[in-house]
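Next up, my_file.pdb (PDB, C-alpha atoms and all ligand atoms):
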ATOM      1  CA  MET A   1     -60.938   4.620 -84.757
ATOM      2  CA  SER A   2     -58.632   7.136 -83.177
ATOM      3  CA  ARG A   3     -55.777   7.224 -80.716
ATOM      4  CA  THR A   4     -57.137   8.147 -77.283
ATOM      5  CA  SER A   5     -56.039   8.742 -73.714
ATOM      6  CA  ARG A   6     -57.462   5.265 -72.947
ATOM      7  CA  HIS A   7     -54.698   3.570 -74.986
ATOM      8  CA  TYR A   8     -52.045   5.427 -73.016
ATOM      9  CA  VAL A   9     -53.543   4.763 -69.574
ATOM     10  CA  VAL A  10     -54.265   1.075 -70.279
ATOM     11  CA  GLY A  11     -50.673   0.685 -71.525
ATOM     12  CA  VAL A  12     -49.363   2.295 -68.335
ATOM     13  CA  ALA A  13     -51.538  -0.010 -66.211
ATOM     14  CA  GLY A  14     -50.205  -3.054 -68.087
ATOM     15  CA  LEU A  15     -46.640  -1.902 -67.574
ATOM     16  CA  GLY A  16     -47.357  -1.390 -63.866
ATOM     17  CA  ILE A  17     -48.569  -4.992 -63.614
ATOM     18  CA  LEU A  18     -45.539  -6.306 -65.495
ATOM     19  CA  ARG A  19     -43.123  -4.404 -63.241
ATOM     20  CA  THR A  20     -44.711  -5.662 -60.031
ATOM     21  CA  TRP A  21     -46.096  -9.107 -60.849
ATOM     22  CA  LEU A  22     -43.345 -11.011 -59.029
ATOM     23  CA  SER A  23     -42.907  -8.610 -56.118
ATOM     24  CA  ALA A  24     -46.409  -7.429 -55.174
ATOM     25  CA  ASP A  25     -48.926  -9.305 -53.110
ATOM     26  CA  PRO A  26     -51.111 -11.537 -55.401
ATOM     27  CA  ASP A  27     -54.285  -9.821 -54.085
ATOM     28  CA  ARG A  28     -52.890  -6.516 -55.210
ATOM     29  CA  MET A  29     -52.199  -8.019 -58.653
ATOM     30  CA  ASP A  30     -55.836  -9.130 -58.855
ATOM     31  CA  GLU A  31     -56.953  -5.602 -57.960
ATOM     32  CA  ALA A  32     -54.587  -4.052 -60.504
ATOM     33  CA  THR A  33     -55.822  -6.446 -63.216
ATOM     34  CA  ALA A  34     -59.484  -5.728 -62.424
ATOM     35  CA  HIS A  35     -58.668  -2.019 -62.539
ATOM     36  CA  LEU A  36     -57.003  -2.439 -65.946
ATOM     37  CA  VAL A  37     -60.202  -4.101 -67.250
ATOM     38  CA  ARG A  38     -62.285  -1.166 -65.927
ATOM     39  CA  LEU A  39     -59.883   1.286 -67.566
ATOM     40  CA  ALA A  40     -60.163  -0.599 -70.863
ATOM     41  CA  THR A  41     -63.940  -0.792 -70.863
ATOM     42  CA  GLY A  42     -65.242   2.001 -68.604
ATOM     43  CA  ASN A  43     -66.647   5.296 -69.803
ATOM     44  CA  GLN A  44     -64.759   7.851 -67.717
ATOM     45  CA  PRO A  45     -64.552  11.032 -69.817
ATOM     46  CA  GLU A  46     -60.773  11.356 -69.154
ATOM     47  CA  LEU A  47     -60.275   8.122 -71.105
ATOM     48  CA  GLY A  48     -62.054   9.288 -74.214
ATOM     49  CA  ILE A  49     -59.787  12.208 -75.102
ATOM     50  CA  ALA A  50     -58.748  11.927 -78.773
ATOM     51  CA  LEU A  51     -54.982  12.308 -79.151
ATOM     52  CA  ASP A  52     -53.776  13.297 -82.579
ATOM     53  CA  VAL A  53     -49.958  13.287 -82.265
ATOM     54  CA  PRO A  54     -48.337  13.672 -85.699
ATOM     55  CA  GLU A  55     -44.613  12.974 -85.956
ATOM     56  CA  TYR A  56     -42.509  15.870 -87.261
ATOM     57  CA  GLY A  57     -38.921  16.039 -88.450
ATOM     58  CA  VAL A  58     -36.496  17.816 -86.074
ATOM     59  CA  VAL A  59     -36.658  21.294 -87.616
ATOM     60  CA  ASP A  60     -40.419  21.290 -88.301
ATOM     61  CA  GLY A  61     -41.203  19.817 -84.889
ATOM     62  CA  TYR A  62     -39.068  22.229 -82.879
ATOM     63  CA  ALA A  63     -40.329  25.145 -85.005
ATOM     64  CA  ARG A  64     -43.831  24.251 -83.764
ATOM     65  CA  TRP A  65     -42.630  23.622 -80.183
ATOM     66  CA  ALA A  66     -40.393  26.741 -79.833
ATOM     67  CA  ALA A  67     -42.961  29.223 -78.469
ATOM     68  CA  ASN A  68     -43.965  26.823 -75.683
ATOM     69  CA  TYR A  69     -40.643  25.119 -75.023
ATOM     70  CA  ASP A  70     -39.652  27.236 -72.000
ATOM     71  CA  LEU A  71     -43.216  27.604 -70.704
ATOM     72  CA  MET A  72     -44.448  24.020 -70.328
ATOM     73  CA  PRO A  73     -43.417  22.087 -67.192
ATOM     74  CA  ASN A  74     -41.097  19.326 -68.382
ATOM     75  CA  ALA A  75     -40.308  16.290 -66.221
ATOM     76  CA  LEU A  76     -37.146  15.468 -68.167
ATOM     77  CA  ILE A  77     -35.702  18.972 -67.750
ATOM     78  CA  ARG A  78     -36.632  18.954 -64.060
ATOM     79  CA  LEU A  79     -34.427  15.879 -63.603
ATOM     80  CA  GLU A  80     -31.657  16.752 -66.051
ATOM     81  CA  GLU A  81     -30.976  20.395 -65.186
ATOM     82  CA  PRO A  82     -29.636  20.056 -61.613
ATOM     83  CA  VAL A  83     -27.296  17.253 -62.718
ATOM     84  CA  VAL A  84     -25.925  19.238 -65.671
ATOM     85  CA  HIS A  85     -25.577  22.417 -63.579
ATOM     86  CA  ALA A  86     -23.623  20.554 -60.887
ATOM     87  CA  LEU A  87     -21.173  19.308 -63.539
ATOM     88  CA  VAL A  88     -20.711  22.523 -65.563
ATOM     89  CA  ASP A  89     -20.513  24.702 -62.454
ATOM     90  CA  ALA A  90     -17.141  23.064 -61.735
ATOM     91  CA  TRP A  91     -15.676  24.349 -65.039
ATOM     92  CA  PRO A  92     -13.233  27.280 -64.943
ATOM     93  CA  LYS A  93     -14.304  30.299 -67.011
ATOM     94  CA  GLY A  94     -13.568  29.877 -70.700
ATOM     95  CA  VAL A  95     -15.062  29.499 -74.164
ATOM     96  CA  VAL A  96     -17.975  27.076 -73.982
ATOM     97  CA  LEU A  97     -20.131  25.625 -76.752
ATOM     98  CA  ASP A  98     -23.820  24.837 -76.211
ATOM     99  CA  ALA A  99     -24.417  22.426 -79.118
ATOM    100  CA  ALA A 100     -28.116  22.087 -80.060
ATOM    101  CA  CYS A 101     -28.737  24.984 -77.682
ATOM    102  CA  GLY A 102     -32.431  25.325 -78.542
ATOM    103  CA  THR A 103     -33.913  28.344 -76.761
ATOM    104  CA  GLY A 104     -30.636  28.711 -74.846
ATOM    105  CA  ARG A 105     -31.539  26.984 -71.585
ATOM    106  CA  HIS A 106     -27.959  25.951 -70.757
ATOM    107  CA  ALA A 107     -26.375  28.809 -72.730
ATOM    108  CA  ARG A 108     -28.108  31.302 -70.407
ATOM    109  CA  HIS A 109     -26.765  29.503 -67.343
ATOM    110  CA  LEU A 110     -23.233  29.328 -68.766
ATOM    111  CA  ALA A 111     -23.240  33.001 -69.812
ATOM    112  CA  ALA A 112     -24.440  34.008 -66.327
ATOM    113  CA  ARG A 113     -21.442  32.137 -64.893
ATOM    114  CA  GLY A 114     -19.055  34.263 -66.935
ATOM    115  CA  HIS A 115     -18.201  31.948 -69.832
ATOM    116  CA  ARG A 116     -17.925  33.197 -73.418
ATOM    117  CA  VAL A 117     -20.682  31.110 -74.975
ATOM    118  CA  ILE A 118     -21.184  29.905 -78.541
ATOM    119  CA  GLY A 119     -24.565  28.335 -79.288
ATOM    120  CA  VAL A 120     -25.459  26.236 -82.333
ATOM    121  CA  ASP A 121     -28.850  24.849 -83.333
ATOM    122  CA  ALA A 122     -30.588  23.603 -86.474
ATOM    123  CA  THR A 123     -34.021  25.133 -85.762
ATOM    124  CA  PRO A 124     -34.252  28.886 -86.511
ATOM    125  CA  GLU A 125     -37.373  29.322 -84.323
ATOM    126  CA  MET A 126     -35.579  27.845 -81.276
ATOM    127  CA  LEU A 127     -32.526  30.037 -81.976
ATOM    128  CA  ALA A 128     -34.769  33.127 -82.251
ATOM    129  CA  HIS A 129     -35.805  32.614 -78.616
ATOM    130  CA  ALA A 130     -32.177  32.127 -77.592
ATOM    131  CA  ARG A 131     -31.237  35.341 -79.432
ATOM    132  CA  ARG A 132     -33.907  37.315 -77.592
ATOM    133  CA  ALA A 133     -32.637  36.045 -74.229
ATOM    134  CA  LEU A 134     -28.935  36.371 -75.135
ATOM    135  CA  PRO A 135     -28.632  39.269 -77.623
ATOM    136  CA  ASP A 136     -24.843  39.539 -77.185
ATOM    137  CA  THR A 137     -24.077  35.832 -77.500
ATOM    138  CA  ASP A 138     -22.611  34.178 -80.600
ATOM    139  CA  LEU A 139     -25.508  31.983 -81.762
ATOM    140  CA  ARG A 140     -25.075  30.079 -85.017
ATOM    141  CA  ASP A 141     -27.357  28.077 -87.310
ATOM    142  CA  GLY A 142     -25.855  24.652 -87.816
ATOM    143  CA  ASP A 143     -26.066  20.908 -87.571
ATOM    144  CA  LEU A 144     -24.529  18.668 -84.915
ATOM    145  CA  ALA A 145     -23.026  16.507 -87.648
ATOM    146  CA  ALA A 146     -21.106  19.470 -89.155
ATOM    147  CA  LEU A 147     -20.666  22.028 -86.371
ATOM    148  CA  PRO A 148     -19.817  25.544 -87.635
ATOM    149  CA  VAL A 149     -17.046  25.774 -85.020
ATOM    150  CA  GLU A 150     -13.237  25.686 -85.414
ATOM    151  CA  THR A 151     -11.347  22.539 -84.437
ATOM    152  CA  ALA A 152     -10.124  22.517 -80.787
ATOM    153  CA  SER A 153     -11.456  26.055 -80.311
ATOM    154  CA  VAL A 154     -13.601  25.623 -77.179
ATOM    155  CA  ASP A 155     -12.586  24.737 -73.634
ATOM    156  CA  ALA A 156     -15.764  22.801 -72.951
ATOM    157  CA  ALA A 157     -19.112  21.911 -74.488
ATOM    158  CA  VAL A 158     -22.625  20.914 -73.482
ATOM    159  CA  CYS A 159     -24.949  18.971 -75.753
ATOM    160  CA  ALA A 160     -28.309  18.595 -74.031
ATOM    161  CA  LEU A 161     -31.318  16.456 -74.952
ATOM    162  CA  ALA A 162     -30.513  16.422 -78.670
ATOM    163  CA  LEU A 163     -28.596  13.239 -79.556
ATOM    164  CA  GLN A 164     -31.866  11.273 -79.118
ATOM    165  CA  HIS A 165     -32.925  12.857 -82.422
ATOM    166  CA  CYS A 166     -29.827  11.704 -84.331
ATOM    167  CA  GLU A 167     -30.238   8.273 -85.866
ATOM    168  CA  ARG A 168     -26.523   7.548 -85.462
ATOM    169  CA  LEU A 169     -24.346   8.787 -82.598
ATOM    170  CA  GLY A 170     -21.025   8.620 -84.472
ATOM    171  CA  PRO A 171     -21.222  11.810 -86.595
ATOM    172  CA  PRO A 172     -22.391  14.239 -83.842
ATOM    173  CA  VAL A 173     -20.101  12.756 -81.169
ATOM    174  CA  THR A 174     -17.105  12.965 -83.537
ATOM    175  CA  GLU A 175     -17.946  16.620 -84.177
ATOM    176  CA  LEU A 176     -18.300  17.451 -80.482
ATOM    177  CA  ALA A 177     -14.909  15.863 -79.789
ATOM    178  CA  ARG A 178     -13.343  17.735 -82.720
ATOM    179  CA  VAL A 179     -14.272  21.207 -81.461
ATOM    180  CA  VAL A 180     -13.266  20.685 -77.805
ATOM    181  CA  ARG A 181      -9.569  21.290 -77.122
ATOM    182  CA  PRO A 182      -7.468  18.337 -75.902
ATOM    183  CA  GLY A 183      -8.073  17.954 -72.167
ATOM    184  CA  GLY A 184     -11.333  19.947 -72.430
ATOM    185  CA  ARG A 185     -14.650  18.851 -70.918
ATOM    186  CA  LEU A 186     -17.939  17.779 -72.446
ATOM    187  CA  VAL A 187     -21.309  17.136 -70.809
ATOM    188  CA  VAL A 188     -23.858  15.223 -72.873
ATOM    189  CA  SER A 189     -27.401  14.778 -71.604
ATOM    190  CA  ASP A 190     -30.158  12.839 -73.300
ATOM    191  CA  PHE A 191     -33.570  11.273 -72.953
ATOM    192  CA  HIS A 192     -32.886   7.911 -71.287
ATOM    193  CA  PRO A 193     -33.011   4.970 -73.743
ATOM    194  CA  MET A 194     -35.211   3.015 -71.327
ATOM    195  CA  GLN A 195     -37.941   5.653 -71.770
ATOM    196  CA  VAL A 196     -37.543   5.593 -75.532
ATOM    197  CA  LEU A 197     -37.805   1.787 -75.568
ATOM    198  CA  LEU A 198     -41.025   2.078 -73.541
ATOM    199  CA  GLY A 199     -42.508   4.095 -76.400
ATOM    200  CA  MET A 200     -41.935   7.644 -75.126
ATOM    201  CA  SER A 201     -40.731  10.353 -77.483
ATOM    202  CA  ALA A 202     -40.266  14.124 -77.526
ATOM    203  CA  PHE A 203     -43.976  14.924 -77.111
ATOM    204  CA  PHE A 204     -45.165  18.519 -77.126
ATOM    205  CA  ILE A 205     -48.230  20.731 -77.148
ATOM    206  CA  ALA A 206     -47.669  23.680 -79.483
ATOM    207  CA  ALA A 207     -48.909  27.207 -78.802
ATOM    208  CA  ASP A 208     -51.987  26.496 -80.967
ATOM    209  CA  GLY A 209     -52.945  23.682 -78.579
ATOM    210  CA  ARG A 210     -52.064  20.893 -81.034
ATOM    211  CA  ALA A 211     -49.878  17.991 -79.958
ATOM    212  CA  GLY A 212     -46.901  16.667 -81.869
ATOM    213  CA  GLN A 213     -43.791  14.569 -81.429
ATOM    214  CA  VAL A 214     -40.253  14.480 -82.707
ATOM    215  CA  ARG A 215     -38.887  10.943 -83.035
ATOM    216  CA  SER A 216     -36.393   9.823 -80.368
ATOM    217  CA  HIS A 217     -33.921   7.024 -81.116
ATOM    218  CA  PRO A 218     -32.992   4.640 -78.280
ATOM    219  CA  HIS A 219     -29.212   4.958 -77.972
ATOM    220  CA  LEU A 220     -28.014   2.278 -75.570
ATOM    221  CA  HIS A 221     -25.082   2.726 -73.199
ATOM    222  CA  ALA A 222     -23.011   0.426 -75.443
ATOM    223  CA  ASP A 223     -23.718   2.774 -78.390
ATOM    224  CA  TYR A 224     -22.581   5.832 -76.411
ATOM    225  CA  LEU A 225     -19.465   4.089 -75.090
ATOM    226  CA  ALA A 226     -18.455   2.975 -78.590
ATOM    227  CA  ALA A 227     -19.022   6.482 -80.028
ATOM    228  CA  PHE A 228     -17.106   8.166 -77.166
ATOM    229  CA  ALA A 229     -14.149   5.752 -77.445
ATOM    230  CA  ALA A 230     -13.945   6.199 -81.227
ATOM    231  CA  ALA A 231     -13.954   9.999 -80.825
ATOM    232  CA  GLY A 232     -11.275  10.098 -78.111
ATOM    233  CA  LEU A 233     -13.626  10.974 -75.241
ATOM    234  CA  ARG A 234     -13.135   9.393 -71.802
ATOM    235  CA  VAL A 235     -16.075   8.895 -69.464
ATOM    236  CA  VAL A 236     -15.577  10.521 -66.059
ATOM    237  CA  ARG A 237     -19.082   9.893 -64.760
ATOM    238  CA  CYS A 238     -22.526   8.780 -65.860
ATOM    239  CA  VAL A 239     -25.660   9.906 -63.977
ATOM    240  CA  GLU A 240     -29.185   8.539 -64.524
ATOM    241  CA  PRO A 241     -31.761  10.570 -62.574
ATOM    242  CA  ALA A 242     -35.002   8.624 -62.189
ATOM    243  CA  ALA A 243     -38.580   9.848 -62.190
ATOM    244  CA  GLY A 244     -40.240  10.308 -58.807
ATOM    245  CA  GLU A 245     -43.949  10.819 -58.237
ATOM    246  CA  GLU A 246     -43.887  14.502 -59.153
ATOM    247  CA  GLU A 247     -42.204  13.821 -62.494
ATOM    248  CA  VAL A 248     -44.591  10.933 -63.192
ATOM    249  CA  ALA A 249     -47.539  13.284 -62.549
ATOM    250  CA  LEU A 250     -46.060  15.638 -65.186
ATOM    251  CA  MET A 251     -45.455  12.762 -67.608
ATOM    252  CA  SER A 252     -49.080  11.624 -67.192
ATOM    253  CA  GLY A 253     -50.342  14.770 -68.924
ATOM    254  CA  GLY A 254     -52.987  15.301 -66.246
ATOM    255  CA  LEU A 255     -54.143  11.660 -66.298
ATOM    256  CA  MET A 256     -52.453  10.444 -63.098
ATOM    257  CA  GLY A 257     -55.661  10.957 -61.112
ATOM    258  CA  VAL A 258     -57.449   8.311 -63.232
ATOM    259  CA  ALA A 259     -55.028   5.546 -62.212
ATOM    260  CA  PRO A 260     -52.530   6.800 -59.619
ATOM    261  CA  ASP A 261     -51.304   3.377 -58.494
ATOM    262  CA  ALA A 262     -50.858   2.258 -62.090
ATOM    263  CA  PHE A 263     -48.796   5.365 -62.955
ATOM    264  CA  ARG A 264     -46.685   4.895 -59.817
ATOM    265  CA  ASP A 265     -46.115   1.168 -60.400
ATOM    266  CA  ALA A 266     -45.283   1.726 -64.057
ATOM    267  CA  LEU A 267     -43.061   4.798 -64.097
ATOM    268  CA  VAL A 268     -41.628   5.746 -60.681
ATOM    269  CA  GLY A 269     -37.963   4.749 -60.467
ATOM    270  CA  ILE A 270     -37.377   4.487 -64.223
ATOM    271  CA  PRO A 271     -34.488   6.749 -65.263
ATOM    272  CA  ALA A 272     -35.671   9.645 -67.387
ATOM    273  CA  ALA A 273     -32.382  11.366 -68.175
ATOM    274  CA  LEU A 274     -28.927  10.085 -69.032
ATOM    275  CA  VAL A 275     -26.020  12.451 -68.353
ATOM    276  CA  TRP A 276     -22.413  11.816 -69.372
ATOM    277  CA  ASP A 277     -19.471  13.773 -67.965
ATOM    278  CA  LEU A 278     -16.575  13.418 -70.441
ATOM    279  CA  VAL A 279     -13.040  14.589 -70.982
ATOM    280  CA  ARG A 280     -11.331  14.966 -74.367
ATOM    281  CA  ASP A 281      -8.142  12.911 -74.551
ATOM    282  CA  PRO A 282      -5.031  15.058 -74.310
ATOM    283  CA  ALA A 283      -3.640  15.227 -77.886
TER
HETATM  284  C1  LIG B   1     -35.075  19.006 -76.660
HETATM  285  S1  LIG B   1     -34.369  20.381 -77.481
HETATM  286  C2  LIG B   1     -33.014  20.742 -76.380
HETATM  287  C3  LIG B   1     -32.608  22.193 -76.441
HETATM  288  C4  LIG B   1     -31.607  22.586 -75.394
HETATM  289  N1  LIG B   1     -30.339  21.894 -75.591
HETATM  290  C5  LIG B   1     -32.165  22.232 -74.015
HETATM  291  O1  LIG B   1     -31.670  21.250 -73.439
HETATM  292  O2  LIG B   1     -33.091  22.888 -73.565
HETATM  293  C6  LIG B   1     -33.516  19.655 -78.843
HETATM  294  C7  LIG B   1     -32.821  20.674 -79.697
HETATM  295  O3  LIG B   1     -31.887  19.981 -80.501
HETATM  296  C8  LIG B   1     -31.886  20.577 -81.768
HETATM  297  N2  LIG B   1     -31.364  19.569 -82.699
HETATM  298  C9  LIG B   1     -31.785  18.303 -82.862
HETATM  299  N3  LIG B   1     -31.030  17.670 -83.778
HETATM  300  C10 LIG B   1     -30.104  18.565 -84.200
HETATM  301  C11 LIG B   1     -29.036  18.515 -85.134
HETATM  302  N4  LIG B   1     -28.764  17.407 -85.822
HETATM  303  N5  LIG B   1     -28.274  19.609 -85.289
HETATM  304  C12 LIG B   1     -28.517  20.748 -84.581
HETATM  305  N6  LIG B   1     -29.527  20.859 -83.696
HETATM  306  C13 LIG B   1     -30.310  19.781 -83.506
HETATM  307  C14 LIG B   1     -33.325  20.965 -82.028
HETATM  308  O4  LIG B   1     -33.430  21.964 -83.008
HETATM  309  C15 LIG B   1     -33.746  21.441 -80.636
HETATM  310  O5  LIG B   1     -33.530  22.828 -80.482
END
As structure tokens, the full file:
Amino acid sequence: MSRTSRHYVVGVAGLGILRTWLSADPDRMDEATAHLVRLATGNQPELGIALDVPEYGVVDGYARWAANYDLMPNALIRLEEPVVHALVDAWPKGVVLDAACGTGRHARHLAARGHRVIGVDATPEMLAHARRALPDTDLRDGDLAALPVETASVDAAVCALALQHCERLGPPVTELARVVRPGGRLVVSDFHPMQVLLGMSAFFIAADGRAGQVRSHPHLHADYLAAFAAAGLRVVRCVEPAAGEEEVALMSGGLMGVAPDAFRDALVGIPAALVWDLVRDPA
């Protein structure tokens, strides 16, 4: 027995039925249920693709993902990036930390806007890409739970799509608050907990064509609010961009054509990113 594309598509179809069973016309429910049975038992070749998706630790997983990270279309980044840009573009020029900067996606944007950027990440292969793109930027190896950055030394910080990989929010959030000066700003983005609770994780195809995943932890809003309050961070705004049809097509990994209505019913409208705009309490 192996994990196949059929398991994924049948699961999506079941979720689509669950989400619409009280709102859709009963005839449509019958059709969707009959379609689910055909998906479960039919012999379409798209449903027989074997999916070997080993789980990696953060550093091993992102080491494998690094070469492809900026090349593969990514539904989450498509939704997250405009929201984060709109928030950080309001910051006055200053010293800005990109914590868990990866290949430097936000660091590049911040540097282009005239900030003095410090980047920190735990995965050397991700940092190597950032260093190639930003040879003059201060990029440091380090962990979110013990940032190699002086206390109150940055005017603002971004931490994008990384806290999902931390089992507990307290240590990294405390560190982020420590390094931002009183009154400074912080933008935190993450994979939305609703997606994580639906079984999604940081799934990737490495340059060698092999799939993998890095475990995501479902941090609920209550968890974030407790961690922010304990660290002296005040919430200014919370934004939850939701997947539309184009993002769902990306999330389907090329399988949307097998069951378009099921993918739409299941995943359109579910938030994919969670973005917090925060301010550090004045001392
Ligand atoms: C999904 S990538 C996001 C990279 C970049 N922030 C972006 O949004 O494109 C997650 C990054 O977080 C880093 N990361 C995860 N946990 C970390 C930790 N505890 N300390 C430092 N970096 C971490 C990984 O190495 C990886 O580069």
Residue members of the PyMOL selection byres (((chain A and resi 167-176) around 9) and not hetatm) in the file shown, as a PDB file with C-alpha atoms, in the frame of the given file:
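Generated file (out36.pdb):
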ATOM      1  CA  ALA A  99     -24.417  22.426 -79.118  1.00  0.00           C
ATOM      2  CA  ASP A 143     -26.066  20.908 -87.571  1.00  0.00           C
ATOM      3  CA  LEU A 144     -24.529  18.668 -84.915  1.00  0.00           C
ATOM      4  CA  ALA A 145     -23.026  16.507 -87.648  1.00  0.00           C
ATOM      5  CA  ALA A 146     -21.106  19.470 -89.155  1.00  0.00           C
ATOM      6  CA  LEU A 147     -20.666  22.028 -86.371  1.00  0.00           C
ATOM      7  CA  THR A 151     -11.347  22.539 -84.437  1.00  0.00           C
ATOM      8  CA  ALA A 157     -19.112  21.911 -74.488  1.00  0.00           C
ATOM      9  CA  VAL A 158     -22.625  20.914 -73.482  1.00  0.00           C
ATOM     10  CA  CYS A 159     -24.949  18.971 -75.753  1.00  0.00           C
ATOM     11  CA  LEU A 163     -28.596  13.239 -79.556  1.00  0.00           C
ATOM     12  CA  GLN A 164     -31.866  11.273 -79.118  1.00  0.00           C
ATOM     13  CA  HIS A 165     -32.925  12.857 -82.422  1.00  0.00           C
ATOM     14  CA  CYS A 166     -29.827  11.704 -84.331  1.00  0.00           C
ATOM     15  CA  ALA A 177     -14.909  15.863 -79.789  1.00  0.00           C
ATOM     16  CA  ARG A 178     -13.343  17.735 -82.720  1.00  0.00           C
ATOM     17  CA  VAL A 179     -14.272  21.207 -81.461  1.00  0.00           C
ATOM     18  CA  VAL A 180     -13.266  20.685 -77.805  1.00  0.00           C
ATOM     19  CA  LEU A 186     -17.939  17.779 -72.446  1.00  0.00           C
ATOM     20  CA  SER A 216     -36.393   9.823 -80.368  1.00  0.00           C
ATOM     21  CA  HIS A 217     -33.921   7.024 -81.116  1.00  0.00           C
ATOM     22  CA  PRO A 218     -32.992   4.640 -78.280  1.00  0.00           C
ATOM     23  CA  HIS A 219     -29.212   4.958 -77.972  1.00  0.00           C
ATOM     24  CA  ASP A 223     -23.718   2.774 -78.390  1.00  0.00           C
ATOM     25  CA  TYR A 224     -22.581   5.832 -76.411  1.00  0.00           C
ATOM     26  CA  ALA A 226     -18.455   2.975 -78.590  1.00  0.00           C
ATOM     27  CA  ALA A 227     -19.022   6.482 -80.028  1.00  0.00           C
ATOM     28  CA  PHE A 228     -17.106   8.166 -77.166  1.00  0.00           C
ATOM     29  CA  ALA A 230     -13.945   6.199 -81.227  1.00  0.00           C
ATOM     30  CA  ALA A 231     -13.954   9.999 -80.825  1.00  0.00           C
ATOM     31  CA  GLY A 232     -11.275  10.098 -78.111  1.00  0.00           C
ATOM     32  CA  LEU A 233     -13.626  10.974 -75.241  1.00  0.00           C
TER      33      LEU A 233
END
Take the point (-16.7, 25.7, -75.7) as written in the file and pick out every residue within 8 Å of it, counting all atoms listed in the file; give the list as an MDAnalysis selection string. chainID A and resid 94:98 116:118 153:158 179:180
Could you pull out the residues sitting within 7 Å of ligand LIG 1 (chain B), using all atoms listed in the file, and write them as JSON, numbers by chain? {"A": [58, 59, 62, 99, 100, 101, 102, 103, 104, 105, 106, 120, 121, 122, 123, 126, 142, 143, 144, 145, 159, 160, 161, 162, 163, 165, 166]}
So which one's closest to A:Asp208, A:Arg28, A:Arg237, A:Arg38, A:Arg64? Using only C-alpha atoms, please.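 Going through A:Arg28, A:Arg237, A:Arg38, A:Arg64 one by one, the smallest distance to A:Asp208 is for A:Arg64.
Excluding stretch 12-14 of chain A itself and any same-chain residue fewer than 3 positions from it, the protein and nucleic acid residues within 9 Å of it, counting only C-alpha atoms, are His7, Tyr8, Val9, Ile17, Leu18, Arg19, Ala32, Thr33, His35, Leu36, Leu39, Ala259, Asp261, Ala262, Phe263, Asp265, Ala266 and Leu267 of chain A.
Of note, atom CA of A:Ala272 and atom CA of A:Met29 are spaced 25.7 Å apart.
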Per residue of stretch 110-202 of chain A within 12 Å of stretch 241-244 of chain A, note the shortest atom pair and the distance in Å to one decimal, counting only C-alpha atoms, and order the rows by chain and increasing residue number, as JSON lines.
{"residue": "A:Ser189", "atom": "CA", "partner": "A:Pro241", "partner_atom": "CA", "distance": 10.9}
{"residue": "A:Asp190", "atom": "CA", "partner": "A:Pro241", "partner_atom": "CA", "distance": 11.1}
{"residue": "A:Phe191", "atom": "CA", "partner": "A:Pro241", "partner_atom": "CA", "distance": 10.6}
{"residue": "A:His192", "atom": "CA", "partner": "A:Pro241", "partner_atom": "CA", "distance": 9.2}
{"residue": "A:Met194", "atom": "CA", "partner": "A:Ala242", "partner_atom": "CA", "distance": 10.7}
{"residue": "A:Gln195", "atom": "CA", "partner": "A:Ala242", "partner_atom": "CA", "distance": 10.5}
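With atom CA of A:Gly257 on one side and atom CA of A:Val53 on the other, the separation reads 22.0 Å.
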Nearest to A:Thr41, chosen from A:Ala86, A:Leu15, A:Ala229, A:Val10, with all atoms listed in the file counted in the distances: A:Val10
Name every residue that the PyMOL selection byres (((chain A and resi 250) around 12) and not hetatm) selects in this structure, writing the answer as a VMD selection string with chains first and numbers rising. chain A and resid 72 to 79 243 to 249 251 to 257 263 267 to 268
Residues as selected, C-alpha atoms, written as a compact mmCIF listing (two decimals), in the coordinates of the input, can you do that?
# COMPACT_ATOMS: atom_id res chain seq x y z
CA MET A 72 -44.45 24.02 -70.33
CA PRO A 73 -43.42 22.09 -67.19
CA ASN A 74 -41.10 19.33 -68.38
CA ALA A 75 -40.31 16.29 -66.22
CA LEU A 76 -37.15 15.47 -68.17
CA ILE A 77 -35.70 18.97 -67.75
CA ARG A 78 -36.63 18.95 -64.06
CA LEU A 79 -34.43 15.88 -63.60
CA ALA A 243 -38.58 9.85 -62.19
CA GLY A 244 -40.24 10.31 -58.81
CA GLU A 245 -43.95 10.82 -58.24
CA GLU A 246 -43.89 14.50 -59.15
CA GLU A 247 -42.20 13.82 -62.49
CA VAL A 248 -44.59 10.93 -63.19
CA ALA A 249 -47.54 13.28 -62.55
CA MET A 251 -45.46 12.76 -67.61
CA SER A 252 -49.08 11.62 -67.19
CA GLY A 253 -50.34 14.77 -68.92
CA GLY A 254 -52.99 15.30 -66.25
CA LEU A 255 -54.14 11.66 -66.30
CA MET A 256 -52.45 10.44 -63.10
CA GLY A 257 -55.66 10.96 -61.11
CA PHE A 263 -48.80 5.36 -62.96
CA LEU A 267 -43.06 4.80 -64.10
CA VAL A 268 -41.63 5.75 -60.68
Length of the atom CA of A:Gly199 to atom CA of A:Gly11 vector [Å]: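 A separation of 10.1 Å between them.
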Given the PyMOL selection byres (((chain A and resi 212) around 6) and not hetatm), the residues it picks as a PDB file with C-alpha atoms, in the frame of the given file:
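Generated file (result-v7.pdb):
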ATOM      1  CA  VAL A  53     -49.958  13.287 -82.265  1.00  0.00           C
ATOM      2  CA  PRO A  54     -48.337  13.672 -85.699  1.00  0.00           C
ATOM      3  CA  GLU A  55     -44.613  12.974 -85.956  1.00  0.00           C
ATOM      4  CA  PHE A 203     -43.976  14.924 -77.111  1.00  0.00           C
ATOM      5  CA  PHE A 204     -45.165  18.519 -77.126  1.00  0.00           C
ATOM      6  CA  ALA A 211     -49.878  17.991 -79.958  1.00  0.00           C
ATOM      7  CA  GLN A 213     -43.791  14.569 -81.429  1.00  0.00           C
TER       8      GLN A 213
END
Measuring between all atoms listed in the file, which one of A:Ala112, A:Ala152, A:Arg131, A:Ser2 shows the shortest distance to A:Pro282?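 Ranking A:Ala112, A:Ala152, A:Arg131, A:Ser2 by distance to A:Pro282, first place goes to A:Ala152.
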